[in-house]
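Undergrad: For reference, this is protein-v7.cif, and it has mmCIF, C-alpha atoms (C1' of nucleotides).
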data_query
#
loop_
_atom_site.label_atom_id
_atom_site.label_comp_id
_atom_site.auth_asym_id
_atom_site.auth_seq_id
_atom_site.Cartn_x
_atom_site.Cartn_y
_atom_site.Cartn_z
CA MET O 1 0.00 0.00 0.00
CA MET O 2 0.93 3.58 -0.60
CA THR O 3 0.08 6.31 1.81
CA PRO O 4 -2.52 8.77 0.47
CA ASP O 5 -0.41 11.77 1.47
CA ALA O 6 2.18 10.67 -1.04
CA LEU O 7 -0.27 11.79 -3.71
CA GLY O 8 0.01 15.35 -4.85
CA ASP O 9 -3.03 17.63 -4.87
CA SER O 10 -5.13 16.69 -7.87
CA PRO O 11 -7.26 19.33 -9.57
CA ILE O 12 -10.35 17.83 -7.99
CA LEU O 13 -8.80 17.90 -4.55
CA GLU O 14 -8.09 21.58 -5.05
CA GLN O 15 -11.76 22.22 -5.69
CA CYS O 16 -12.63 20.18 -2.65
CA ARG O 17 -10.38 22.43 -0.59
CA GLU O 18 -11.73 25.61 -2.20
CA LYS O 19 -15.28 24.64 -1.32
CA GLY O 20 -14.26 24.40 2.32
CA LEU O 21 -14.55 20.63 2.54
CA LYS O 22 -12.13 18.81 4.76
CA VAL O 23 -9.21 17.19 3.03
CA THR O 24 -8.98 13.66 4.31
CA GLY O 25 -6.83 10.80 3.11
CA GLN O 26 -9.84 9.11 1.56
CA ARG O 27 -10.88 12.21 -0.34
CA ARG O 28 -7.35 12.68 -1.55
CA VAL O 29 -7.40 9.18 -2.99
CA ILE O 30 -10.85 9.40 -4.52
CA ALA O 31 -10.11 12.83 -5.99
CA HIS O 32 -6.89 11.47 -7.43
CA VAL O 33 -8.62 8.51 -9.04
CA LEU O 34 -11.27 10.78 -10.50
CA SER O 35 -8.75 13.25 -11.88
CA GLU O 36 -6.82 10.44 -13.52
CA ALA O 37 -9.88 8.80 -15.06
CA ASP O 38 -10.53 9.50 -18.69
CA ASP O 39 -13.53 7.22 -18.72
CA HIS O 40 -16.81 7.30 -16.78
CA PRO O 41 -16.41 4.98 -13.80
CA ASP O 42 -19.26 3.92 -11.55
CA VAL O 43 -18.91 3.75 -7.78
CA GLU O 44 -17.86 0.12 -7.77
CA GLU O 45 -15.10 0.87 -10.24
CA LEU O 46 -13.95 3.95 -8.33
CA TYR O 47 -13.84 1.84 -5.21
CA ARG O 48 -11.75 -0.80 -6.96
CA ARG O 49 -9.26 1.81 -8.12
CA ALA O 50 -9.19 3.54 -4.76
CA ILE O 51 -8.40 0.50 -2.66
CA VAL O 52 -5.35 -0.17 -4.78
CA ILE O 53 -3.91 3.00 -3.28
CA ASP O 54 -5.44 2.64 0.15
CA PRO O 55 -7.17 -0.63 1.01
CA LYS O 56 -8.96 0.66 4.08
CA ILE O 57 -11.39 2.94 2.27
CA SER O 58 -15.00 1.73 2.39
CA VAL O 59 -17.59 1.77 -0.41
CA ALA O 60 -19.86 3.83 1.80
CA THR O 61 -17.27 6.57 1.79
CA VAL O 62 -17.00 6.45 -1.97
CA TYR O 63 -20.76 6.80 -2.26
CA ARG O 64 -20.79 9.67 0.21
CA THR O 65 -17.91 11.39 -1.52
CA VAL O 66 -19.25 11.29 -5.07
CA ARG O 67 -22.60 12.45 -3.80
CA LEU O 68 -21.07 15.35 -1.95
CA PHE O 69 -18.83 16.27 -4.87
CA GLU O 70 -21.80 16.17 -7.16
CA GLU O 71 -23.82 18.45 -4.90
CA ARG O 72 -20.89 20.85 -4.85
CA GLY O 73 -20.64 20.81 -8.62
CA ILE O 74 -17.26 19.10 -8.71
CA LEU O 75 -18.61 15.99 -10.41
CA GLN O 76 -21.37 15.21 -12.84
CA ARG O 77 -23.49 12.14 -12.62
CA ARG O 78 -24.34 10.24 -15.80
CA ASN O 79 -26.75 7.47 -16.41
CA PHE O 80 -25.94 5.50 -19.54
CA GLY O 81 -28.66 2.89 -19.33
CA SER O 82 -27.04 0.42 -16.95
CA GLY O 83 -28.31 0.35 -13.39
CA ARG O 84 -25.35 2.23 -11.94
CA ALA O 85 -24.61 5.94 -11.87
CA ARG O 86 -21.33 6.96 -13.47
CA TYR O 87 -19.23 9.99 -12.67
CA GLU O 88 -16.90 12.36 -14.41
CA ALA O 89 -15.15 15.55 -13.40
CA THR O 90 -16.99 18.76 -14.19
CA ASP O 91 -13.70 20.42 -15.14
CA HIS O 92 -13.38 18.13 -18.13
CA GLY O 93 -15.50 20.85 -19.68
CA GLN O 94 -18.84 20.80 -21.43
CA HIS O 95 -19.07 17.93 -23.85
CA TYR O 96 -21.44 15.37 -25.25
CA HIS O 97 -21.45 11.60 -25.53
CA LEU O 98 -21.73 9.28 -28.44
CA ILE O 99 -22.34 5.70 -27.44
CA ASP O 100 -21.62 2.77 -29.71
CA ALA O 101 -24.78 0.69 -29.46
CA ASN O 102 -22.89 -2.52 -30.21
CA SER O 103 -19.90 -2.23 -27.91
CA GLY O 104 -21.24 0.22 -25.34
CA ARG O 105 -18.09 2.26 -25.80
CA VAL O 106 -18.51 5.94 -24.95
CA GLU O 107 -16.86 8.66 -27.04
CA GLU O 108 -16.82 12.24 -25.92
CA PHE O 109 -17.11 15.07 -28.37
CA HIS O 110 -17.44 18.83 -28.61
CA ASP O 111 -19.32 20.89 -31.11
CA ASP O 112 -19.61 24.66 -31.12
CA GLU O 113 -22.50 24.72 -33.52
CA LEU O 114 -24.41 22.41 -31.21
CA ASP O 115 -23.56 24.53 -28.15
CA ALA O 116 -24.95 27.58 -29.89
CA LEU O 117 -28.07 25.85 -31.14
CA LEU O 118 -28.99 24.49 -27.71
CA GLN O 119 -28.43 27.92 -26.23
CA LYS O 120 -30.76 29.37 -28.84
CA ILE O 121 -33.44 26.75 -28.29
CA ALA O 122 -33.46 27.30 -24.54
CA ALA O 123 -33.75 31.04 -25.03
CA ARG O 124 -36.58 30.66 -27.52
CA MET O 125 -38.46 28.58 -24.94
CA GLY O 126 -37.90 31.21 -22.28
CA TYR O 127 -35.08 29.66 -20.31
CA ASP O 128 -31.52 30.37 -19.36
CA LEU O 129 -29.58 27.24 -20.17
CA ILE O 130 -27.92 25.77 -17.11
CA THR O 131 -26.60 22.51 -18.46
CA THR O 132 -27.36 19.92 -21.07
CA ARG O 133 -27.11 16.20 -21.30
CA LEU O 134 -26.88 14.65 -24.73
CA GLU O 135 -26.27 11.09 -25.74
CA ILE O 136 -26.22 9.92 -29.32
CA TYR O 137 -26.59 6.19 -29.76
CA GLY O 138 -25.09 5.03 -33.01
CA ARG O 139 -23.94 2.03 -34.94
CA GLY O 140 -20.47 2.11 -36.45
CA VAL O 141 -20.62 2.49 -40.22
CA LYS O 142 -19.01 -0.46 -41.96
CA LYS O 143 -16.16 0.45 -44.23
CA ARG O 144 -16.60 -0.88 -47.73
CA THR O 145 -13.72 -2.96 -49.10
CA MET K 1 -63.99 -1.14 -10.60
CA MET K 2 -64.34 -1.14 -14.34
CA THR K 3 -63.63 -4.18 -16.43
CA PRO K 4 -60.56 -3.84 -18.66
CA ASP K 5 -62.41 -5.10 -21.71
CA ALA K 6 -64.57 -2.01 -21.55
CA LEU K 7 -61.51 -0.11 -22.75
CA GLY K 8 -61.08 0.24 -26.47
CA ASP K 9 -57.85 -0.73 -28.16
CA SER K 10 -55.34 2.00 -27.47
CA PRO K 11 -52.57 2.72 -30.00
CA ILE K 12 -50.08 1.00 -27.72
CA LEU K 13 -52.25 -2.07 -27.40
CA GLU K 14 -52.36 -2.25 -31.19
CA GLN K 15 -48.59 -2.39 -31.30
CA CYS K 16 -48.62 -5.01 -28.60
CA ARG K 17 -50.91 -7.12 -30.77
CA GLU K 18 -48.88 -6.47 -33.93
CA LYS K 19 -45.73 -7.69 -32.22
CA GLY K 20 -47.44 -10.98 -31.46
CA LEU K 21 -47.71 -10.42 -27.74
CA LYS K 22 -50.72 -11.76 -25.95
CA VAL K 23 -53.44 -9.27 -25.20
CA THR K 24 -54.36 -9.69 -21.57
CA GLY K 25 -56.58 -7.57 -19.39
CA GLN K 26 -53.56 -6.20 -17.56
CA ARG K 27 -51.79 -5.21 -20.74
CA ARG K 28 -54.92 -3.57 -22.02
CA VAL K 29 -55.05 -1.43 -18.91
CA ILE K 30 -51.37 -0.58 -18.83
CA ALA K 31 -51.34 0.22 -22.56
CA HIS K 32 -54.37 2.42 -22.06
CA VAL K 33 -52.77 4.32 -19.22
CA LEU K 34 -49.61 4.82 -21.25
CA SER K 35 -51.46 6.01 -24.31
CA GLU K 36 -53.40 8.51 -22.23
CA ALA K 37 -50.34 9.84 -20.43
CA ASP K 38 -48.91 13.08 -21.71
CA ASP K 39 -46.27 13.10 -19.00
CA HIS K 40 -43.46 10.68 -18.16
CA PRO K 41 -44.72 8.38 -15.41
CA ASP K 42 -42.53 5.99 -13.48
CA VAL K 43 -43.63 2.44 -12.65
CA GLU K 44 -45.11 3.41 -9.31
CA GLU K 45 -47.22 6.07 -10.98
CA LEU K 46 -48.32 3.75 -13.78
CA TYR K 47 -49.31 1.24 -11.17
CA ARG K 48 -51.34 3.84 -9.29
CA ARG K 49 -53.20 4.82 -12.46
CA ALA K 50 -53.70 1.21 -13.50
CA ILE K 51 -55.26 -0.02 -10.27
CA VAL K 52 -57.92 2.67 -10.54
CA ILE K 53 -59.18 0.78 -13.56
CA ASP K 54 -58.41 -2.71 -12.33
CA PRO K 55 -57.31 -3.10 -8.70
CA LYS K 56 -56.01 -6.63 -9.06
CA ILE K 57 -52.99 -5.78 -11.23
CA SER K 58 -49.68 -6.24 -9.41
CA VAL K 59 -46.61 -4.00 -9.55
CA ALA K 60 -44.56 -6.94 -10.74
CA THR K 61 -46.72 -7.11 -13.83
CA VAL K 62 -46.27 -3.42 -14.47
CA TYR K 63 -42.51 -3.85 -14.23
CA ARG K 64 -42.60 -6.86 -16.54
CA THR K 65 -44.82 -5.07 -19.01
CA VAL K 66 -42.84 -1.86 -19.35
CA ARG K 67 -39.66 -3.88 -19.67
CA LEU K 68 -41.15 -6.03 -22.41
CA PHE K 69 -42.63 -3.05 -24.20
CA GLU K 70 -39.30 -1.31 -24.04
CA GLU K 71 -37.49 -4.32 -25.49
CA ARG K 72 -40.05 -4.40 -28.28
CA GLY K 73 -39.55 -0.72 -29.01
CA ILE K 74 -43.04 0.29 -27.93
CA LEU K 75 -41.81 2.37 -25.02
CA GLN K 76 -38.75 4.44 -24.25
CA ARG K 77 -37.14 4.55 -20.88
CA ARG K 78 -35.95 7.90 -19.51
CA ASN K 79 -33.88 8.73 -16.52
CA PHE K 80 -34.33 12.31 -15.35
CA GLY K 81 -32.12 12.24 -12.30
CA SER K 82 -34.50 10.72 -9.75
CA GLY K 83 -33.93 7.11 -8.78
CA ARG K 84 -36.79 5.75 -10.86
CA ALA K 85 -37.03 5.01 -14.56
CA ARG K 86 -39.75 6.86 -16.42
CA TYR K 87 -41.55 5.76 -19.55
CA GLU K 88 -43.16 7.30 -22.57
CA ALA K 89 -44.65 5.92 -25.75
CA THR K 90 -42.28 5.69 -28.70
CA ASP K 91 -45.07 6.76 -31.02
CA HIS K 92 -45.09 10.19 -29.45
CA GLY K 93 -42.33 10.69 -32.00
CA GLN K 94 -38.74 11.83 -31.70
CA HIS K 95 -38.44 14.77 -29.38
CA TYR K 96 -36.24 16.34 -26.76
CA HIS K 97 -36.74 17.46 -23.19
CA LEU K 98 -36.27 20.75 -21.48
CA ILE K 99 -36.39 20.52 -17.73
CA ASP K 100 -37.09 23.46 -15.48
CA ALA K 101 -34.38 23.22 -12.86
CA ASN K 102 -36.55 24.96 -10.28
CA SER K 103 -39.83 23.13 -10.63
CA GLY K 104 -38.64 19.90 -12.23
CA ARG K 105 -41.32 20.36 -14.86
CA VAL K 106 -40.53 18.63 -18.16
CA GLU K 107 -41.35 20.26 -21.49
CA GLU K 108 -41.06 18.37 -24.74
CA PHE K 109 -39.91 20.05 -27.89
CA HIS K 110 -39.02 19.37 -31.51
CA ASP K 111 -36.41 21.02 -33.66
CA ASP K 112 -35.58 20.10 -37.22
CA GLU K 113 -32.33 21.98 -37.25
CA LEU K 114 -31.23 19.99 -34.21
CA ASP K 115 -32.31 16.70 -35.77
CA ALA K 116 -30.19 17.46 -38.81
CA LEU K 117 -27.18 18.59 -36.82
CA LEU K 118 -27.12 15.48 -34.66
CA GLN K 119 -27.43 13.34 -37.75
CA LYS K 120 -24.47 15.19 -39.25
CA ILE K 121 -22.34 14.87 -36.12
CA ALA K 122 -22.92 11.13 -35.89
CA ALA K 123 -22.00 10.70 -39.54
CA ARG K 124 -18.86 12.78 -39.14
CA MET K 125 -17.80 10.51 -36.28
CA GLY K 126 -18.44 7.44 -38.38
CA TYR K 127 -21.77 6.30 -37.01
CA ASP K 128 -25.30 5.75 -38.17
CA LEU K 129 -27.50 7.51 -35.69
CA ILE K 130 -29.90 5.14 -33.96
CA THR K 131 -31.42 7.38 -31.35
CA THR K 132 -30.59 10.38 -29.23
CA ARG K 133 -31.35 11.50 -25.75
CA LEU K 134 -31.16 15.18 -24.98
CA GLU K 135 -32.10 17.05 -21.88
CA ILE K 136 -31.64 20.76 -21.45
CA TYR K 137 -31.76 21.99 -17.88
CA GLY K 138 -32.77 25.60 -17.68
CA ARG K 139 -34.00 28.31 -15.40
CA GLY K 140 -37.06 30.28 -16.42
CA VAL K 141 -36.17 33.81 -17.50
CA LYS K 142 -37.81 36.37 -15.26
CA LYS K 143 -40.11 38.75 -17.02
CA ARG K 144 -39.28 42.36 -16.33
CA THR K 145 -42.17 44.52 -15.09
"C1'" DA S 1 -52.91 -28.10 -25.69
"C1'" DT S 2 -49.50 -25.15 -24.62
"C1'" DA S 3 -46.69 -21.26 -24.55
"C1'" DA S 4 -47.13 -17.10 -22.42
"C1'" DG S 5 -48.64 -14.17 -18.68
"C1'" DT S 6 -49.68 -13.33 -13.71
"C1'" DG S 7 -49.55 -12.71 -8.49
"C1'" DC S 8 -47.12 -13.31 -4.58
"C1'" DA S 9 -43.27 -13.17 -1.85
"C1'" DA S 10 -38.57 -13.73 -1.71
"C1'" DA S 11 -34.20 -12.36 -3.81
"C1'" DT S 12 -31.12 -9.03 -5.97
"C1'" DG S 13 -28.52 -4.94 -6.82
"C1'" DT S 14 -27.67 -0.24 -5.81
"C1'" DT S 15 -27.47 3.46 -2.72
"C1'" DT S 16 -28.35 5.52 1.88
"C1'" DT S 17 -28.01 5.81 6.93
"C1'" DG S 18 -27.57 5.30 12.21
"C1'" DC S 19 -24.22 5.13 15.25
"C1'" DA S 20 -19.90 5.09 17.71
"C1'" DG S 21 -15.33 6.19 17.06
"C1'" DC S 22 -11.77 9.36 14.42
"C1'" DT S 23 -9.53 13.56 12.55
"C1'" DA S 24 -8.87 17.91 10.08
"C1'" DC S 25 -9.37 22.36 11.13
"C1'" DG E 1 -12.65 21.47 21.03
"C1'" DT E 2 -15.85 20.39 17.73
"C1'" DA E 3 -17.99 20.00 13.37
"C1'" DG E 4 -17.26 17.11 9.97
"C1'" DC E 5 -15.65 12.28 8.32
"C1'" DT E 6 -15.38 7.43 8.35
"C1'" DG E 7 -16.31 2.31 8.79
"C1'" DC E 8 -19.42 -1.06 9.60
"C1'" DA E 9 -23.56 -3.30 9.26
"C1'" DA E 10 -28.29 -2.67 8.77
"C1'" DA E 11 -31.95 -0.38 6.15
"C1'" DA E 12 -34.08 1.52 2.28
"C1'" DC E 13 -35.30 1.57 -2.43
"C1'" DA E 14 -36.01 0.08 -7.15
"C1'" DT E 15 -36.31 -3.82 -9.82
"C1'" DT E 16 -36.15 -8.83 -10.95
"C1'" DT E 17 -37.35 -13.62 -10.37
"C1'" DG E 18 -38.90 -18.59 -8.88
"C1'" DC E 19 -42.82 -20.93 -8.55
"C1'" DA E 20 -47.47 -22.57 -8.89
"C1'" DC E 21 -51.59 -21.14 -11.06
"C1'" DT E 22 -54.29 -19.02 -14.91
"C1'" DT E 23 -55.36 -17.66 -19.62
"C1'" DA E 24 -54.98 -16.17 -24.62
"C1'" DT E 25 -54.28 -18.27 -28.69
#
Output the file's structure as structure tokens, nothing else.
TA:
Amino acid sequence: MMTPDALGDSPILEQCREKGLKVTGQRRVIAHVLSEADDHPDVEELYRRAIVIDPKISVATVYRTVRLFEERGILQRRNFGSGRARYEATDHGQHYHLIDANSGRVEEFHDDELDALLQKIAARMGYDLITTRLEIYGRGVKKRT
Amino acid sequence: MMTPDALGDSPILEQCREKGLKVTGQRRVIAHVLSEADDHPDVEELYRRAIVIDPKISVATVYRTVRLFEERGILQRRNFGSGRARYEATDHGQHYHLIDANSGRVEEFHDDELDALLQKIAARMGYDLITTRLEIYGRGVKKRT
DNA sequence: ATAAGTGCAAATGTTTTGCAGCTAC
DNA sequence: GTAGCTGCAAAACATTTGCACTTAT
């Protein structure tokens, strides 16, 4: 095992500190794992990655932490079909998801035109856009030989 | 109580029949409730509405029915944040959701430009678009006096 | 006749919580 | 010192399922 304090301050941990939350060993580990992740892990997966660094963290703490971080706007919860909630860092920036219907693989993408259009639609309907959630389900186009 | 057979064949029941599923009293009721609904009820709510018509339907059957209907493409499952899955008829057509962040109220909308753009994005990324799921969270713009 | 559907209650899977003991501030 | 965290195990939810019985076709 590796002691949590050996980890530097990840971007997410910084936010945790800024929001006045206590910086504990567990949070340092969980924040680290989340900052490293370039996928969309669920709690079980976060837990698995966390206990590699510090085996005495409990799942309950992982649940409590992601919930708290989500309430504080540090994380975003996603729901891609399966029973479990998945998380990703808010500071990864606004983006959308394209999900391969065959493999379940999730690709992130950005699109300025889309940003603008959604903004416009919200305004037209009388709302200030706070956030959006978009998933495109697609099937990979076969290349012809 | 009112006997289920007193209900006519709702559009959803028709689809049920077309797909070769058996037409039972329970399915007639559940299909009816779904066809009537212009909101996005969860299972508990569907159950509540169903037992008004026929009190001997069980929740398990409602769960089994919405699951089956979803697999057969008759219903779509949605996930607006709360713990429970919500359902709406596929034949309501392709549309998007705008959710009032204050009240939680869900408004449906259509937008051709958006349809086209999403289509284009999927293609650019090498996919045939199967379906999309879009939720805009917004805050109602205050009218000035 | 028989494959499919149902009700009930028990099982499952995910997430939350009460409580007593720690710990960052 | 104390408000805030944590671990553990139990509880709370949402959903699924095994089984024996019923029903649509």
Undergrad: Quick one: distance from atom CA of O:Gln119 to atom CA of O:Thr131 in Å, one decimal?
TA: 9.6 Å
Undergrad: Mind fitting chain O onto chain K over all Cα atoms in sequence order and sending the result as an mmCIF file with C-alpha atoms, in the coordinates of the input?
TA:
data_model
loop_
_atom_site.group_PDB
_atom_site.id
_atom_site.type_symbol
_atom_site.label_atom_id
_atom_site.label_comp_id
_atom_site.auth_asym_id
_atom_site.auth_seq_id
_atom_site.Cartn_x
_atom_site.Cartn_y
_atom_site.Cartn_z
ATOM 1 C CA MET O 1 -64.091 -1.131 -10.821
ATOM 2 C CA MET O 2 -64.379 -1.204 -14.556
ATOM 3 C CA THR O 3 -63.634 -4.265 -16.571
ATOM 4 C CA PRO O 4 -60.507 -3.934 -18.744
ATOM 5 C CA ASP O 5 -62.329 -5.231 -21.818
ATOM 6 C CA ALA O 6 -64.518 -2.163 -21.703
ATOM 7 C CA LEU O 7 -61.470 -0.230 -22.869
ATOM 8 C CA GLY O 8 -61.026 0.118 -26.575
ATOM 9 C CA ASP O 9 -57.750 -0.850 -28.240
ATOM 10 C CA SER O 10 -55.266 1.914 -27.544
ATOM 11 C CA PRO O 11 -52.502 2.625 -30.044
ATOM 12 C CA ILE O 12 -50.013 0.952 -27.742
ATOM 13 C CA LEU O 13 -52.168 -2.129 -27.416
ATOM 14 C CA GLU O 14 -52.248 -2.355 -31.189
ATOM 15 C CA GLN O 15 -48.470 -2.461 -31.281
ATOM 16 C CA CYS O 16 -48.493 -5.069 -28.568
ATOM 17 C CA ARG O 17 -50.759 -7.196 -30.737
ATOM 18 C CA GLU O 18 -48.695 -6.569 -33.879
ATOM 19 C CA LYS O 19 -45.550 -7.759 -32.143
ATOM 20 C CA GLY O 20 -47.272 -11.047 -31.385
ATOM 21 C CA LEU O 21 -47.560 -10.465 -27.653
ATOM 22 C CA LYS O 22 -50.591 -11.813 -25.895
ATOM 23 C CA VAL O 23 -53.322 -9.327 -25.185
ATOM 24 C CA THR O 24 -54.284 -9.736 -21.571
ATOM 25 C CA GLY O 25 -56.543 -7.606 -19.426
ATOM 26 C CA GLN O 26 -53.558 -6.213 -17.564
ATOM 27 C CA ARG O 27 -51.750 -5.240 -20.739
ATOM 28 C CA ARG O 28 -54.881 -3.623 -22.053
ATOM 29 C CA VAL O 29 -55.046 -1.466 -18.948
ATOM 30 C CA ILE O 30 -51.371 -0.588 -18.846
ATOM 31 C CA ALA O 31 -51.328 0.179 -22.572
ATOM 32 C CA HIS O 32 -54.370 2.376 -22.110
ATOM 33 C CA VAL O 33 -52.795 4.311 -19.261
ATOM 34 C CA LEU O 34 -49.623 4.792 -21.265
ATOM 35 C CA SER O 35 -51.462 5.967 -24.363
ATOM 36 C CA GLU O 36 -53.415 8.475 -22.312
ATOM 37 C CA ALA O 37 -50.377 9.839 -20.487
ATOM 38 C CA ASP O 38 -48.951 13.072 -21.753
ATOM 39 C CA ASP O 39 -46.350 13.136 -19.027
ATOM 40 C CA HIS O 40 -43.524 10.734 -18.146
ATOM 41 C CA PRO O 41 -44.808 8.447 -15.400
ATOM 42 C CA ASP O 42 -42.619 6.069 -13.435
ATOM 43 C CA VAL O 43 -43.706 2.535 -12.600
ATOM 44 C CA GLU O 44 -45.235 3.500 -9.282
ATOM 45 C CA GLU O 45 -47.338 6.144 -10.975
ATOM 46 C CA LEU O 46 -48.391 3.802 -13.779
ATOM 47 C CA TYR O 47 -49.390 1.288 -11.156
ATOM 48 C CA ARG O 48 -51.454 3.889 -9.320
ATOM 49 C CA ARG O 49 -53.286 4.817 -12.504
ATOM 50 C CA ALA O 50 -53.756 1.210 -13.533
ATOM 51 C CA ILE O 51 -55.351 -0.008 -10.332
ATOM 52 C CA VAL O 52 -58.001 2.662 -10.638
ATOM 53 C CA ILE O 53 -59.245 0.740 -13.660
ATOM 54 C CA ASP O 54 -58.466 -2.721 -12.375
ATOM 55 C CA PRO O 55 -57.408 -3.093 -8.746
ATOM 56 C CA LYS O 56 -56.077 -6.616 -9.077
ATOM 57 C CA ILE O 57 -53.050 -5.766 -11.198
ATOM 58 C CA SER O 58 -49.736 -6.182 -9.368
ATOM 59 C CA VAL O 59 -46.677 -3.906 -9.492
ATOM 60 C CA ALA O 60 -44.608 -6.849 -10.648
ATOM 61 C CA THR O 61 -46.739 -7.041 -13.752
ATOM 62 C CA VAL O 62 -46.297 -3.354 -14.415
ATOM 63 C CA TYR O 63 -42.540 -3.746 -14.143
ATOM 64 C CA ARG O 64 -42.583 -6.766 -16.426
ATOM 65 C CA THR O 65 -44.809 -5.031 -18.932
ATOM 66 C CA VAL O 66 -42.841 -1.805 -19.288
ATOM 67 C CA ARG O 67 -39.668 -3.813 -19.567
ATOM 68 C CA LEU O 68 -41.103 -5.998 -22.276
ATOM 69 C CA PHE O 69 -42.591 -3.040 -24.128
ATOM 70 C CA GLU O 70 -39.281 -1.283 -23.951
ATOM 71 C CA GLU O 71 -37.433 -4.284 -25.353
ATOM 72 C CA ARG O 72 -39.953 -4.404 -28.178
ATOM 73 C CA GLY O 73 -39.479 -0.729 -28.917
ATOM 74 C CA ILE O 74 -42.985 0.271 -27.883
ATOM 75 C CA LEU O 75 -41.782 2.387 -24.974
ATOM 76 C CA GLN O 76 -38.744 4.463 -24.204
ATOM 77 C CA ARG O 77 -37.156 4.600 -20.824
ATOM 78 C CA ARG O 78 -35.986 7.949 -19.458
ATOM 79 C CA ASN O 79 -33.915 8.772 -16.477
ATOM 80 C CA PHE O 80 -34.378 12.350 -15.328
ATOM 81 C CA GLY O 81 -32.140 12.300 -12.287
ATOM 82 C CA SER O 82 -34.516 10.816 -9.729
ATOM 83 C CA GLY O 83 -33.974 7.207 -8.745
ATOM 84 C CA ARG O 84 -36.865 5.860 -10.801
ATOM 85 C CA ALA O 85 -37.078 5.083 -14.498
ATOM 86 C CA ARG O 86 -39.815 6.912 -16.374
ATOM 87 C CA TYR O 87 -41.585 5.799 -19.514
ATOM 88 C CA GLU O 88 -43.184 7.313 -22.552
ATOM 89 C CA ALA O 89 -44.632 5.907 -25.743
ATOM 90 C CA THR O 90 -42.244 5.662 -28.668
ATOM 91 C CA ASP O 91 -45.026 6.725 -31.037
ATOM 92 C CA HIS O 92 -45.084 10.162 -29.465
ATOM 93 C CA GLY O 93 -42.347 10.713 -32.015
ATOM 94 C CA GLN O 94 -38.774 11.881 -31.715
ATOM 95 C CA HIS O 95 -38.488 14.812 -29.376
ATOM 96 C CA TYR O 96 -36.275 16.355 -26.758
ATOM 97 C CA HIS O 97 -36.739 17.462 -23.173
ATOM 98 C CA LEU O 98 -36.233 20.734 -21.451
ATOM 99 C CA ILE O 99 -36.333 20.473 -17.694
ATOM 100 C CA ASP O 100 -37.007 23.423 -15.436
ATOM 101 C CA ALA O 101 -34.275 23.148 -12.821
ATOM 102 C CA ASN O 102 -36.416 24.882 -10.204
ATOM 103 C CA SER O 103 -39.721 23.077 -10.567
ATOM 104 C CA GLY O 104 -38.570 19.847 -12.194
ATOM 105 C CA ARG O 105 -41.257 20.332 -14.809
ATOM 106 C CA VAL O 106 -40.497 18.629 -18.120
ATOM 107 C CA GLU O 107 -41.319 20.294 -21.443
ATOM 108 C CA GLU O 108 -41.072 18.425 -24.687
ATOM 109 C CA PHE O 109 -39.925 20.106 -27.842
ATOM 110 C CA HIS O 110 -39.033 19.448 -31.458
ATOM 111 C CA ASP O 111 -36.440 21.097 -33.598
ATOM 112 C CA ASP O 112 -35.629 20.221 -37.186
ATOM 113 C CA GLU O 113 -32.353 22.061 -37.198
ATOM 114 C CA LEU O 114 -31.263 20.052 -34.182
ATOM 115 C CA ASP O 115 -32.379 16.770 -35.783
ATOM 116 C CA ALA O 116 -30.269 17.545 -38.818
ATOM 117 C CA LEU O 117 -27.240 18.641 -36.839
ATOM 118 C CA LEU O 118 -27.194 15.499 -34.697
ATOM 119 C CA GLN O 119 -27.542 13.400 -37.818
ATOM 120 C CA LYS O 120 -24.576 15.220 -39.311
ATOM 121 C CA ILE O 121 -22.444 14.851 -36.202
ATOM 122 C CA ALA O 122 -23.067 11.118 -36.000
ATOM 123 C CA ALA O 123 -22.168 10.711 -39.653
ATOM 124 C CA ARG O 124 -18.995 12.744 -39.268
ATOM 125 C CA MET O 125 -17.954 10.429 -36.427
ATOM 126 C CA GLY O 126 -18.640 7.373 -38.547
ATOM 127 C CA TYR O 127 -21.974 6.268 -37.168
ATOM 128 C CA ASP O 128 -25.515 5.757 -38.300
ATOM 129 C CA LEU O 129 -27.682 7.540 -35.781
ATOM 130 C CA ILE O 130 -30.086 5.185 -34.062
ATOM 131 C CA THR O 131 -31.566 7.418 -31.413
ATOM 132 C CA THR O 132 -30.689 10.386 -29.287
ATOM 133 C CA ARG O 133 -31.408 11.475 -25.786
ATOM 134 C CA LEU O 134 -31.191 15.157 -24.998
ATOM 135 C CA GLU O 135 -32.087 17.017 -21.868
ATOM 136 C CA ILE O 136 -31.613 20.730 -21.444
ATOM 137 C CA TYR O 137 -31.691 21.926 -17.865
ATOM 138 C CA GLY O 138 -32.687 25.547 -17.643
ATOM 139 C CA ARG O 139 -33.854 28.254 -15.327
ATOM 140 C CA GLY O 140 -36.924 30.236 -16.313
ATOM 141 C CA VAL O 141 -36.003 33.754 -17.385
ATOM 142 C CA LYS O 142 -37.646 36.339 -15.162
ATOM 143 C CA LYS O 143 -39.852 38.770 -16.986
ATOM 144 C CA ARG O 144 -38.939 42.364 -16.305
ATOM 145 C CA THR O 145 -41.765 44.600 -15.075
#
Undergrad: Residues of chain O no more than 6 Å from chain K, counting only C-alpha atoms: send them over as a list in words.
TA: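 Output check: Gly126, Tyr127, Asp128, Leu129, Ile130, Thr131, Thr132, Arg133, Leu134, Glu135, Ile136, Tyr137, Gly138, Arg139, Gly140 and Val141 of chain O.
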Undergrad: Apply the PyMOL selection byres ((chain O and resi 27) around 12) to the displayed file and report the matching residues as a PyMOL selection string.
TA: (chain O and resi 4-5+7+9-10+12-17+21-26+28-35+46-47+50+53-54+57-58+61-66+68-69) or (chain E and resi 5-6)
Undergrad: Can you tell me which residues surround E:DA9 at a distance of at most 12 Å, considering only C-alpha atoms (C1' of nucleotides), apart from same-chain residues fewer than 4 positions away, and format the answer as JSON, numbers by chain?
TA: {"O": [60], "S": [17, 18, 19]}
